[in-house]
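Report on one structure; see the data block that follows.
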Amino acid sequence: MTAYRALNHADIEVFSESISAFFENMTRRSAQVRTAYLLEAAEPIVWDDFNGLIKVSGGFRGTISFSAPRTLLDEVLKAMGEPSKSTENYLDVVGEIANQLSGRARKHFGESLDISPPLSCKRGGFIVTTVATGPAYVIPLTWGSYQAHLVVHLDLASRR
């Protein structure tokens, strides 16, 4: 049976740096990442207008989610050169952000971090089941005048 450990400060920092790098690279505007805090809710997600979720397995178990308001996604799409403000595009971009962040985490944690294709939905569009047993961390960010949230709820396999 595999033993798991909860995330630590250094692990959380990987995700904080990833979200900052994403906005800088994709939009040429930095995001201000604020201090992570423990999520005290039944589901490991902070719901907003649009939400992207990645399920993680392999030497890990849990979820990574990114949630943002429509207005933030309007600006991200515009910065990416996409003029269409459709629900489909909002869902695509929020899923892509979650996917990019998971991919960056995979570079840090290694190939044993298996990530699912992103699930995207409007607020409350799916039920997020809790697989990880450690705490879920919310990494809030501000981009321009907009607020968004990254939630990381992972357990890592302990090396013996």
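By convention here, the chains of the structure tokens are called A, B, ... in the order presented, each chain's residues are numbered starting at 1, and ligands are numbered starting at 1 in the order presented.
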Self-check item: DSSP alpha helix (DSSP H) residues within stretch 49-135 of chain A, listed as a ChimeraX atom specification
Solution: /A:70-79,87-109
Quiz prompt | All strand (DSSP E) positions in stretch 62-137 of chain A, as a ChimeraX atom specification | solution = /A:62-68,113-115,119-122,137
Dump of C-alpha atoms for the selected residues, as a PDB file, in the first residue's frame:
ATOM      1  CA  GLY A  62      -6.177  14.732  -5.878  1.00  0.00           C
ATOM      2  CA  THR A  63      -7.275  17.693  -7.968  1.00  0.00           C
ATOM      3  CA  ILE A  64      -6.082  21.056  -9.247  1.00  0.00           C
ATOM      4  CA  SER A  65      -8.731  23.624 -10.140  1.00  0.00           C
ATOM      5  CA  PHE A  66      -8.722  27.144 -11.556  1.00  0.00           C
ATOM      6  CA  SER A  67     -11.769  29.383 -11.184  1.00  0.00           C
ATOM      7  CA  ALA A  68     -12.286  32.822 -12.695  1.00  0.00           C
ATOM      8  CA  LEU A 113       2.265  13.033 -11.912  1.00  0.00           C
ATOM      9  CA  ASP A 114      -0.455  11.784 -14.251  1.00  0.00           C
ATOM     10  CA  ILE A 115      -2.947  14.475 -15.236  1.00  0.00           C
ATOM     11  CA  LEU A 119     -12.936  19.277 -17.141  1.00  0.00           C
ATOM     12  CA  SER A 120     -14.525  22.705 -17.596  1.00  0.00           C
ATOM     13  CA  CYS A 121     -17.868  23.995 -16.426  1.00  0.00           C
ATOM     14  CA  LYS A 122     -19.882  26.991 -15.384  1.00  0.00           C
ATOM     15  CA  TYR A 137      -4.847  25.089  -0.485  1.00  0.00           C
TER      16      TYR A 137
END
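If only C-alpha atoms are the atoms counted, then among A:Ala41, A:Ile19, A:Val94, A:Val46 the closest residue to A:Val151 is A:Val46.
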Practice problem: Would you kindly return, as a list in words, each protein, DNA or RNA residue with an atom no farther than 7 Å from any atom of stretch 13-16 of chain A, considering only C-alpha atoms and excluding same-chain residues fewer than 4 positions away? | Solution: His9, Ser20, Val33, Ala105 and Ile139 of chain A
Just write the chosen residues, C-alpha atoms, as a compact mmCIF listing (two decimals), in the first residue's frame.
# COMPACT_ATOMS: atom_id res chain seq x y z
CA HIS A 9 5.18 25.13 1.62
CA SER A 20 2.28 33.96 -12.15
CA VAL A 33 -0.30 35.99 -6.35
CA ALA A 105 3.68 21.19 -11.86
CA ILE A 139 -3.92 30.34 -4.04
Quiz prompt | A:Thr27 surroundings by only C-alpha atoms, 10 Å radius, close-in-sequence under 3 positions cut, as JSON, numbers by chain | solution = {"A": [21, 22, 23, 24, 30, 31, 75, 76, 77, 78, 79, 80, 81]}
Self-check item: Pairwise distance for atom CA of A:Pro140 and atom CA of A:Arg34, rounded to one decimal in Å
Solution: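 So the answer is 5.5 Å.
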Quiz prompt | Residue nearest A:Ala132 - candidates A:Pro69, A:Gly52, A:Gly59, A:Gly103, atoms counted: only C-alpha atoms | solution =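 Of A:Pro69, A:Gly52, A:Gly59, A:Gly103, the one nearest A:Ala132, counting only C-alpha atoms, is A:Gly59.
Residue neighbourhood of A:Thr142, excluding near-sequence residues (fewer than 3 positions): Ala31, Gln32, Tyr146 and Gln147 of chain A, at 6 Å, using only C-alpha atoms.
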Exercise. Can you work out which one of A:Gly134, A:Gly125, A:Gly144, A:Pro118 has the shortest atom-to-atom distance to A:Ala157, counting only C-alpha atoms?
Key: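 Smallest distance to A:Ala157 is found for A:Gly134.
Between A:Asn8 and the candidates A:Asn99, A:Val152, A:Leu91, A:Thr71, the tightest atom-to-atom separation, counting only C-alpha atoms, involves A:Val152.
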Exercise. Identify which of the residues A:Trp47, A:Trp143, A:Phe109, A:Phe126 lies closest to A:Leu73, counting only C-alpha atoms when measuring atom-to-atom distances.
Key: A:Trp143
Self-check item: Straight-line distance linking atom CA of A:Lys85 with atom CA of A:Asn51, stated in Å to one decimal
Solution: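 According to the coordinates, atom CA of A:Lys85 and atom CA of A:Asn51 are separated by 15.9 Å.
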Exercise. May I ask for the distance between atom CA of A:Thr2 and atom CA of A:Glu17, given in Å to one decimal place?
Key: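 It comes out at 28.6 Å.
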Self-check item: Residue among A:Ser145, A:Thr35, A:Gln100, A:Ser112 lying closest to A:Ile12, counting only C-alpha atoms
Solution: A:Thr35
Quiz prompt | Nearby residues (only C-alpha atoms) at most 6 Å from A:Arg123, same-chain spacing under 4 positions excluded, as a list in words | solution =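 Near neighbours after the sequence-gap exclusion: Trp47, Asp48, Asp49 and Phe50 of chain A.
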Exercise. Please provide as a list in words all residues within 7 Å of A:Arg61, with the sequence filter that same-chain residues fewer than 4 positions apart are discarded (counting only C-alpha atoms).
Key: Val56, Ser57, Val131, Ala132, Leu154, Asp155 and Leu156 of chain A
